[in-house]
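Chemist: Have a peek at coords.cif (mmCIF, C-alpha atoms and all ligand atoms).
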data_query
loop_
_atom_site.label_atom_id
_atom_site.label_comp_id
_atom_site.auth_asym_id
_atom_site.auth_seq_id
_atom_site.Cartn_x
_atom_site.Cartn_y
_atom_site.Cartn_z
CA MET A 16 60.19 26.86 96.41
CA SER A 17 62.07 23.82 95.30
CA MET A 18 64.71 22.41 97.51
CA ASP A 19 67.15 19.76 96.68
CA ILE A 20 69.42 17.70 98.88
CA ILE A 21 72.32 19.10 96.84
CA GLN A 22 71.58 22.55 98.24
CA PHE A 23 72.05 21.24 101.75
CA SER A 24 75.34 19.74 100.74
CA HIS A 25 76.32 23.20 99.43
CA LEU A 26 75.51 24.61 102.85
CA LYS A 27 77.48 21.87 104.52
CA GLU A 28 80.42 22.75 102.33
CA VAL A 29 80.09 26.40 103.30
CA GLN A 30 80.10 25.28 106.91
CA SER A 31 83.35 23.36 106.47
CA LEU A 32 84.92 26.18 104.46
CA ASP A 33 84.08 28.50 107.34
CA LYS A 34 85.95 26.12 109.63
CA MET A 35 88.98 26.42 107.36
CA ILE A 36 88.64 30.20 107.38
CA LYS A 37 88.57 30.11 111.18
CA LYS A 38 91.96 28.39 111.24
CA HIS A 39 93.45 31.18 109.14
CA LEU A 40 91.77 33.85 111.26
CA ASP A 41 93.22 32.17 114.36
CA ILE A 42 96.73 32.41 112.94
CA ILE A 43 96.23 36.13 112.34
CA GLN A 44 94.77 36.45 115.84
CA GLU A 45 97.77 34.69 117.43
CA GLN A 46 100.11 37.16 115.80
CA SER A 47 98.21 40.14 117.02
CA ALA A 48 97.98 38.62 120.52
CA ARG A 49 101.78 38.41 120.49
CA ARG A 50 101.90 42.06 119.53
CA ASP A 51 99.35 43.05 122.19
CA TYR A 52 101.48 41.36 124.82
CA ILE A 53 104.55 43.36 123.86
CA VAL A 54 102.56 46.59 123.68
CA LYS A 55 101.27 45.84 127.17
CA ILE A 56 104.66 45.24 128.76
CA ARG A 57 106.04 48.29 126.96
CA HIS A 58 103.23 50.34 128.42
CA THR A 59 104.03 49.05 131.92
CA ARG A 60 107.71 49.96 131.51
CA GLU A 61 106.81 53.37 130.09
CA THR A 62 104.65 54.08 133.14
CA GLU A 63 107.41 52.81 135.41
CA LYS A 64 109.91 55.10 133.70
CA GLU A 65 107.66 58.13 134.11
CA GLY A 66 107.23 57.37 137.81
CA LEU A 67 110.99 57.01 138.25
CA LEU A 68 111.63 60.30 136.47
CA ILE A 69 109.25 62.11 138.80
CA GLU A 70 110.86 60.45 141.80
CA SER A 71 114.30 61.39 140.56
CA LYS A 72 113.25 64.99 140.05
CA ASP A 73 111.92 65.12 143.62
CA HIS A 74 115.21 63.67 144.84
CA THR A 75 117.20 66.33 143.04
CA ALA A 76 115.02 69.04 144.54
CA SER A 77 115.50 67.59 148.04
CA ILE A 78 119.26 67.28 147.57
CA ASN A 79 119.46 70.92 146.48
CA GLN A 80 117.40 72.00 149.43
CA PHE A 81 119.50 70.03 151.94
CA GLU A 82 122.71 71.32 150.41
CA LYS A 83 121.53 74.86 150.92
CA GLU A 84 120.70 74.07 154.56
CA LEU A 85 124.05 72.36 154.97
CA PHE A 86 125.84 75.43 153.65
CA ASP A 87 124.03 77.62 156.17
CA TRP A 88 124.86 75.36 159.10
CA GLU A 89 128.50 75.14 158.02
CA LYS A 90 128.65 78.89 158.06
CA LYS A 91 127.10 79.03 161.51
CA LEU A 92 129.59 76.45 162.74
CA GLU A 93 132.48 78.39 161.26
CA LYS A 94 131.26 81.56 162.93
CA ALA A 95 130.88 79.88 166.33
CA LEU A 96 134.39 78.45 166.08
CA GLU A 97 135.78 81.84 165.08
CA GLN A 98 134.14 83.59 167.99
CA LEU A 99 134.97 81.02 170.64
CA PRO A 100 138.60 82.17 171.27
CA MET A 101 137.34 85.74 171.68
CA ALA A 102 134.70 84.92 174.28
CA LYS A 103 134.83 87.15 177.30
CA SER A 104 132.76 85.22 179.83
CA GLU A 105 131.82 81.73 180.90
CA GLN A 106 128.29 82.48 179.79
CA GLN A 107 129.43 83.51 176.33
CA ILE A 108 131.61 80.39 176.02
CA ASN A 109 128.67 78.23 176.99
CA ALA A 110 126.42 79.92 174.47
CA LEU A 111 128.97 79.55 171.68
CA GLN A 112 129.68 75.92 172.54
CA LYS A 113 125.98 75.24 172.44
CA GLU A 114 125.78 76.85 169.01
CA GLN A 115 128.81 74.88 167.91
CA SER A 116 127.45 71.53 168.96
CA MET A 117 124.03 72.25 167.48
CA ALA A 118 125.64 73.28 164.18
CA GLU A 119 127.85 70.16 164.20
CA GLU A 120 124.84 67.97 164.81
CA ASN A 121 122.95 69.54 161.95
CA VAL A 122 125.90 69.40 159.58
CA GLU A 123 126.40 65.73 160.30
CA HIS A 124 122.72 64.96 160.00
CA LEU A 125 122.39 66.82 156.68
CA GLN A 126 125.52 65.23 155.26
CA ASP A 127 124.10 61.78 156.05
CA LYS A 128 120.77 62.68 154.49
CA ILE A 129 122.40 64.03 151.33
CA LEU A 130 124.65 61.00 151.05
CA SER A 131 121.78 58.55 151.27
CA LEU A 132 119.71 60.59 148.80
CA LEU A 133 122.63 60.55 146.39
CA GLU A 134 122.85 56.78 146.71
CA GLU A 135 119.13 56.43 146.09
CA GLN A 136 119.43 58.81 143.19
CA GLU A 137 122.08 56.61 141.63
CA ILE A 138 119.81 53.56 141.92
CA LEU A 139 116.92 55.53 140.40
CA GLU A 140 119.07 56.62 137.50
CA SER A 141 120.20 53.10 136.77
CA LYS A 142 116.58 51.91 136.87
CA ILE A 143 115.64 54.68 134.44
CA GLU A 144 118.49 53.60 132.16
CA GLU A 145 117.20 50.02 132.29
CA CYS A 146 113.70 51.18 131.30
CA ILE A 147 115.07 53.26 128.46
CA SER A 148 117.14 50.43 127.07
CA PHE A 149 114.26 47.95 127.45
CA LEU A 150 111.91 50.32 125.61
CA LYS A 151 114.47 50.80 122.87
CA GLY A 152 114.99 47.04 122.42
CA SER A 153 111.32 46.18 122.55
CA LYS A 154 110.56 48.88 120.00
CA LEU A 155 112.75 46.97 117.57
CA THR A 156 110.92 43.74 118.44
CA LEU A 157 107.63 45.50 117.85
CA ASP A 158 108.74 46.78 114.45
CA THR A 159 109.82 43.26 113.47
CA ILE A 160 106.51 41.81 114.65
CA ASP A 161 104.59 44.46 112.74
CA LYS A 162 106.39 43.43 109.59
CA GLU A 163 105.73 39.74 110.30
CA ILE A 164 102.06 40.43 111.03
CA LEU A 165 101.73 42.26 107.75
CA GLU A 166 103.26 39.32 105.86
CA VAL A 167 101.34 36.63 107.75
CA THR A 168 98.08 38.53 107.43
CA GLN A 169 98.63 38.87 103.71
CA VAL A 170 99.28 35.15 103.26
CA GLU A 171 96.36 34.10 105.46
CA GLN A 172 94.03 36.65 103.92
CA ASN A 173 94.81 35.31 100.45
CA GLU A 174 93.75 31.85 101.62
CA ILE A 175 90.61 33.26 103.22
CA ASP A 176 89.76 35.12 100.01
CA LYS A 177 89.89 31.88 98.04
CA TYR A 178 87.46 30.24 100.44
CA GLU A 179 85.20 33.28 100.34
CA ILE A 180 85.00 33.09 96.55
CA ARG A 181 84.05 29.42 96.74
CA ILE A 182 81.45 30.18 99.44
CA LYS A 183 79.93 32.93 97.32
CA ALA A 184 79.62 30.58 94.35
CA LEU A 185 78.01 27.86 96.49
CA LEU A 186 75.49 30.27 97.99
CA GLU A 187 74.47 31.48 94.56
CA ASP A 188 73.10 28.01 93.91
CA VAL A 189 70.90 28.01 97.00
CA PRO A 190 67.33 29.36 96.84
CA ASP A 191 66.71 32.60 98.72
CA THR A 192 64.51 31.33 101.57
CA LEU A 193 66.97 28.62 102.45
CA LYS A 194 69.91 30.95 101.95
CA LEU A 195 68.47 33.70 104.18
CA SER A 196 67.76 31.26 107.00
CA PHE A 197 71.21 29.80 106.65
CA LEU A 198 72.87 33.22 106.66
CA LYS A 199 70.96 34.15 109.79
CA ALA A 200 72.06 30.96 111.56
CA ARG A 201 75.58 31.48 110.25
CA LYS A 202 75.67 35.00 111.61
CA LYS A 203 75.21 33.56 115.07
CA HIS A 204 77.18 30.31 114.74
CA ARG A 205 79.57 30.91 111.89
CA PHE A 206 82.47 29.03 113.43
CA ASN A 207 80.41 26.69 115.52
CA GLN A 208 78.22 24.71 113.13
CA PRO A 209 75.31 26.80 111.89
CA LEU A 210 73.73 23.59 110.58
CA SER A 211 72.21 20.96 112.80
CA ARG A 212 70.77 17.63 111.72
CA VAL A 213 67.43 16.38 112.91
CA MET A 214 68.27 13.42 115.09
CA GLN A 215 66.21 11.39 117.56
CA GLY A 216 63.29 13.73 117.06
CA GLY A 217 65.14 16.95 117.70
CA CYS A 218 68.02 19.29 117.04
CA GLU A 219 71.26 17.33 117.09
CA LYS A 220 73.27 20.21 118.55
CA CYS A 221 71.04 21.42 121.37
CA ARG A 222 68.60 18.50 121.73
CA PHE A 223 65.50 20.66 121.32
CA ILE A 224 62.59 18.32 120.51
CA LEU A 225 60.52 18.97 117.38
CA ASP A 226 56.97 17.90 116.73
CA LYS A 227 56.51 14.93 114.40
CA MET A 228 54.99 17.07 111.63
CA THR A 229 57.95 19.46 111.53
CA GLN A 230 60.38 16.53 111.65
CA SER A 231 58.91 14.85 108.64
CA ARG A 232 58.55 18.08 106.66
CA ILE A 233 62.24 18.74 107.20
CA GLU A 234 63.10 15.17 106.15
CA LEU A 235 61.00 15.57 103.02
CA LEU A 236 62.63 18.94 102.19
CA GLN A 237 59.24 20.62 102.39
CA THR A 238 60.19 23.34 104.82
CA VAL A 239 63.02 25.49 106.01
CA GLU A 240 63.20 25.39 109.81
CA VAL A 241 65.48 27.02 112.30
CA CYS A 242 65.84 25.49 115.76
CA SER A 243 63.87 27.76 118.07
CA GLN A 244 66.29 27.07 120.90
CA CYS A 245 69.78 27.40 119.38
CA GLU A 246 68.78 29.13 116.13
CA ARG A 247 70.69 26.73 113.89
CA LEU A 248 69.33 25.77 110.52
CA LEU A 249 67.84 22.30 110.77
CA ILE A 250 68.74 19.88 107.99
CA PRO A 251 67.60 16.35 107.14
CA TYR A 252 69.55 13.60 108.86
CA ASN A 253 70.99 12.31 105.60
CA ALA A 254 71.74 15.67 104.04
ZN ZN B 1 69.05 23.60 118.38
#
Would it be possible to restate this file's structure as structure tokens?
Modeler:
Amino acid sequence: MSMDIIQFSHLKEVQSLDKMIKKHLDIIQEQSARRDYIVKIRHTRETEKEGLLIESKDHTASINQFEKELFDWEKKLEKALEQLPMAKSEQQINALQKEQSMAEENVEHLQDKILSLLEEQEILESKIEECISFLKGSKLTLDTIDKEILEVTQVEQNEIDKYEIRIKALLEDVPDTLKLSFLKARKKHRFNQPLSRVMQGGCEKCRFILDKMTQSRIELLQTVEVCSQCERLLIPYNA
């Protein structure tokens, strides 16, 4: 295997091209994070709306039920009032008055209940309206963002493609052993320096100390070594 310092400079170029690619990937990522945020708040509002709809349905059922009860008590009250003038004894009067006051109490109580449920129902309905209009508006935002993402992704991807072509060409000039070790290190550290220089007797990035023999073989381009601690490809100090 013949290695040349130029091959290390190819790898260093790949490393800096990867850094450029990362910037473009970050821009794409930012856009999709913006989208994720909107999807998330839409989901929250959707759930809120569903809860409110259930609540409102329960309210309607309760109102209907209380109205039925109210109707019955109104009838009872009416009947008691009708019968009162025809009462024939003190006892009967007392009984009818008791019925009357009980019916009045219930009518009043049910009317209050229904009134407050109707008020709550109105609030629920306006909250539901708010959710619906928020969801409608944010759907438009989402559609706009989707279009923007498509455009931005296209632009950024074109840039990335150019770098990828250059990277491919550079790697073609690197011998297989070196290339395979580099690709392995790059798989783990693609955007965080897959290459590490040998400095002060060890790996510059993680400070793992190498034996003297390995150090000098790396310096003399006689071996391909990967740091056994951080798994970066080790390159000569002056590469
Ligand atoms: Zn290391």
Chemist: So that I can check the surroundings of A:Ile224, please list as a count of residues only every protein, DNA and RNA residue that reaches within 12 Å of it, counting all atoms listed in the file and ignoring chain neighbours fewer than 4 positions away.
Modeler: 16
Chemist: To one decimal place in Å, what is the distance between atom CA of A:Gln80 and atom CA of A:Gly66?
Modeler: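 Distance reported for this atom pair: 21.3 Å.
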Chemist: Pick out the closest residue to ligand ZN 1 (chain B) from this set: A:Arg181, A:Lys154, A:Arg212, A:Arg201. Count only C-alpha atoms and all ligand atoms.
Modeler: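 Checking each candidate against ligand ZN 1 (chain B), we get A:Arg212 as the closest.
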Chemist: Would you list the contacts of stretch 22-33 of chain A as a list in words, taking every protein, DNA or RNA residue within 9 Å and counting all atoms listed in the file, but skipping same-chain residues closer than 6 positions in sequence?
Modeler: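 My reading of the contact set: Tyr178, Glu179, Arg181, Ile182, Lys183, Leu185, Leu186, Asp188, Val189, Pro190, Leu193, Lys194, Phe197, Arg201, Arg205, Phe206, Asn207, Gln208, Pro209, Leu210, Ile250, Pro251 and Ala254 of chain A.
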Chemist: In Å to one decimal, how far is atom CA of A:Lys227 from atom CA of A:Ser196?
Modeler: 21.2 Å
